[in-house]
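Colleague: Below you'll find the structure I mean.
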Amino acid sequence: MNPVEIEEAVSQLAEQPFDAEEFPYAFLQAFGHKDATLKRLRKGAANKSDIGGVLHANQIHIKTCSRGEVTATLATLRESAATTKHKAKFILATDGEDFEAEDLGSGETVACAYPDFPDHFGFFLQLAGISTVRQIRESSFDIRATGRLNRLYVQLLKDNPDWAKVDRRHDMNHFMARLIFCFFAEDTDIFMGDNLFTATIDQMSTRDSSNTHEVISEIFRAMNTKPADRADARIPRWADAFPYVNGGLFSGSVAVPRFSKIARTYLLHIGSLNWKMINPDIFGSMIQAVADDEERGALGMHYTSVPNILKVLNPLFLDDLREKLDEAGDNPRKLLNLRKRMARIRVFDPACGSGNFLVIAYKQMREIEAEINRRRGEPDRRSDIPLTNFRGIELRDFSAEIARLALIIAEYQCDVLYRGQKEALAEFLPLDSQNWITCGNALRLDWLSICPPAGTGVKHHADDLFHSPLDQAQIDFENEGGETYICGNPPYLGSKWQSKEQKEDLKVIFDGRVKSWKSLDYVAGWFMKAADYGQHTDCTAAFVSTNSICQGQQVPILWPAIFEMGFHIAFAHTSFKWANLASHNAGVTVAIIAVSNMTNQTFRLYSLGADGETVMKEVEQINGYLVQGPSAFISQRRDNLSGLSQMLFGNMPRDGGHLVLSDTEKQNLLEKYPDLDRFIRPYLGSEEIIQGKVRWCFWIEDSDQEFAAGHAYLSSVLAAVSENRMKSPAASTQEFAKRPHRFVQIAGTAQVHSLAVPTVTSENRHYLPASLLSGDTIVSNLAFALYDAPLWNMSLIASRLHLVWIATVCGKLETRYRYSNTLGWNTFPVPKLTEKNKEDLTRCAEDILLAREAHFPATIADLYKPDAMPENLRAAHDRNDEVLERIYIGRRFRNDTERLEKLFELYTKMTKGKGRPTASASQKGNGEHEFH
């Protein structure tokens, strides 16, 4: 169950008559616990309570009680030996009137009237296996509101099928935006009177809902009519209580979909919520899913945490503003200059969605401004920060409307917080008709016309707040000039997942400028557009991006073009999970990358430390791989940079599967034709190496071709291979139909042994799964091999150093490591090794193999699980890392960041013809040493 579904179930439970005996089971059921679990608890076998309650082990201890005994009962639950013994996370007591609970881990408590306990459903989300980080608890209202709005939306589409069609969907979405405004306005005194909007509908519409749409339409018409014009407009007296709102929110059509009795009930339920609690930071990102058919299934998961967004905004400009505030102290002149500077800052999100980044930037700036005003003795001063300085582009019209609405709500809430309710109300209505969020395709629009860096560049003023032309959002800036900061979280989409239209978007931007642009992720378009924007002004743009644009083949495609336009990477946050609400929805792995053409900047590299906290390091330069160092671009090499053994692609049969045998097929075949044993050899690729599976293949030399063609069984196999190859569209494969006894591509075979590396491996493993194979093994095209190479090569492949290099320069397939011999192995920088170094590394490789052998028949997949790696194997790898890393710098590297910095430094030296360093001091012990 997702949070929205849980909220609905909890709300339904609270609305039912209280049943003391049934409540504990109904409460657990609301959080997704299965009927089988509840059945066991009811029978008593699984119920561990020692005080007559219900104790679900490792979850919660619940007890209902007599009226007035709730607090005492909670204390009894806390002191219960069973609570401790069975590791209950929560305790809960209720008498049907009062409700109290405690999180035994954090000590946090809930105490409320029984009907209000759904307001705290986020407190208990651990019961549903959902992470209860602080932000989700604070967003409980937004989840409740989203769920109820979604039920209303779905019901209205069911009641009004014509409104579900494409040509009416905008009207439906606009109607929902109007409702949200009304619910917020009636709970925040923007509308005079208690619960004015909901109460009016309840009183003026009939119980059978037949005129509900007419009542709402009249309310909307009133809010679009100035008080002086209402008599002529014949506004009903009961609707005259609503203020004039304007701003385009209620202009145009006042058509309202028809309401069934169910829809009317949903509407009144939504109105009963306390909309003062709305959080525009996150509400928009959840509510946008209501109007998106594809996203509605994941309703409640659309949440971007404020801390994650601040990872973009803080280093982009907010940290600097706070530093300037600290420097200003109580100096009135410095404070005034900072306030004037802030009033001219423009924040532009060209993929704004429902406005998260813009809202948070606005609220953070208002907080700084409020502190300036306090220090200057002007606490009630009206804000100098115009809302229209926060510009956005969004493709979906409903999201664009919600973004504007979220900003309006944020402005009002900030005014209430920093100036007071009276002042906020006095200046809130009527809404301004200026439109500063553009609905359109950001990769096709002219960013300079939407957020002009100098001059207003006005071509068109929107008629109202919510209806703008799709290609423009031309508004005068209140405060001319100033800094421009571009930010956001654009759509990622790897090249394989892009639609035809998205491919065309990238073509417009990159074609003729960048080779191989078709391999780029969709997000690359935003970086290039930012660089184009920067040709007209100084700016910094920071985007959340897939980390793949800083890995593998995309780096030499995208980043030279960005750097050649005078941009550099000003700051970056290396890979981390951009997580959503649920623990089972871990989120995509992203990086934050800021590009800038501004000079005299401090370059900052952020990463997650071992404790999960963000660590910042000031560096001299950040390259396209998000590593400190010069702008090196790793390209494929045919030769090996470090003089290591040659690594070749495996052997490709292109046989339709006829030359390959399972273990059972081999056994059955040899029982009938034992003379074929000499033609059957082990055949291993990635899956066989990692999972320990067994496959075999026919390996027939040219000298045995005639024998095979005349063999009773082999002749039929060769005929099937030949037929399959003739059907291939590739001429080269058709040519090999004449030679069906052999593989089409034979890279090599070994005399003694092969060192094999899978082409793709899980990102969860701490080491690449290199394997030592017997000389008769045929390595398939799903692995790479070093044939008869010295064993110390395996030490290099199995090292942490090599893993981080591969992860960085080869990139990934989805989230898995993708190996490349030409891009990863041939470019791997290794100091010149002494014979002693090679002996030490050979011993390390042997120790790794011996540690694996000790756990036979465990597979690579079994042995390299991060949390279940055998201690002797972990120790062998640790020793291997220590020996190798001392060859590089005379000690262990502190972390992967330091490993990459040294590898890039060494790569740069080696490719610039400065020779290959020798780690001669590595034999001297533990001290630092220099390369020679």
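Simple scheme: letters A, B, ... for chains in structure tokens order, numbers from 1 for residues in each chain, numbers from 1 for ligands in the order shown.
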Can you list every residue in region 474-677 of chain A that DSSP puts in alpha helix (DSSP H), as a ChimeraX atom specification?

Modeller: /A:500-510,524-533,554-564,663-672

Colleague: Skipping near chain neighbours, those fewer than 2 positions away, what residues fall within 9 Å of Gln745 (chain A) using only C-alpha atoms, listed as a list of chain:residue names?

Modeller: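 The neighbour list is A:Gly650, A:Asn651, A:Met652, A:Pro653, A:Arg654, A:Arg742, A:Phe743, A:Ala747, A:Asn781.
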
Colleague: If DSSP is run on the backbone, what residues of region 467-682 of chain A are strand (DSSP E or B)? A reply as JSON, numbers by chain would be ideal.

Modeller: {"A": [484, 485, 486, 487, 488, 540, 541, 542, 543, 544, 545, 546, 568, 569, 570, 571, 572, 573, 574, 575, 576, 577, 578, 588, 589, 590, 591, 592, 593, 594, 595, 596, 603, 604, 605, 606, 607, 608, 614, 615, 616, 617, 618, 619, 622, 628, 648, 649, 651, 652, 660, 661, 662, 680, 681, 682]}

Colleague: Do a neighbour search on region 490-503 of chain A at 12 Å with only C-alpha atoms, toss out local chain neighbours closer than 3 positions, and write the hits as a VMD selection string.

Modeller: chain A and resid 349 to 353 357 392 to 395 441 to 444 486 to 487 506 to 511 516 to 527 542 to 549 554 588 to 592 812 to 815

Colleague: Excluding Arg638 (chain A) and any residue of its chain fewer than 2 positions from it, enumerate the residues within 8 Å of it, using only C-alpha atoms, and give them as an MDAnalysis selection string.

Modeller: chainID A and resid 636 640 822 826
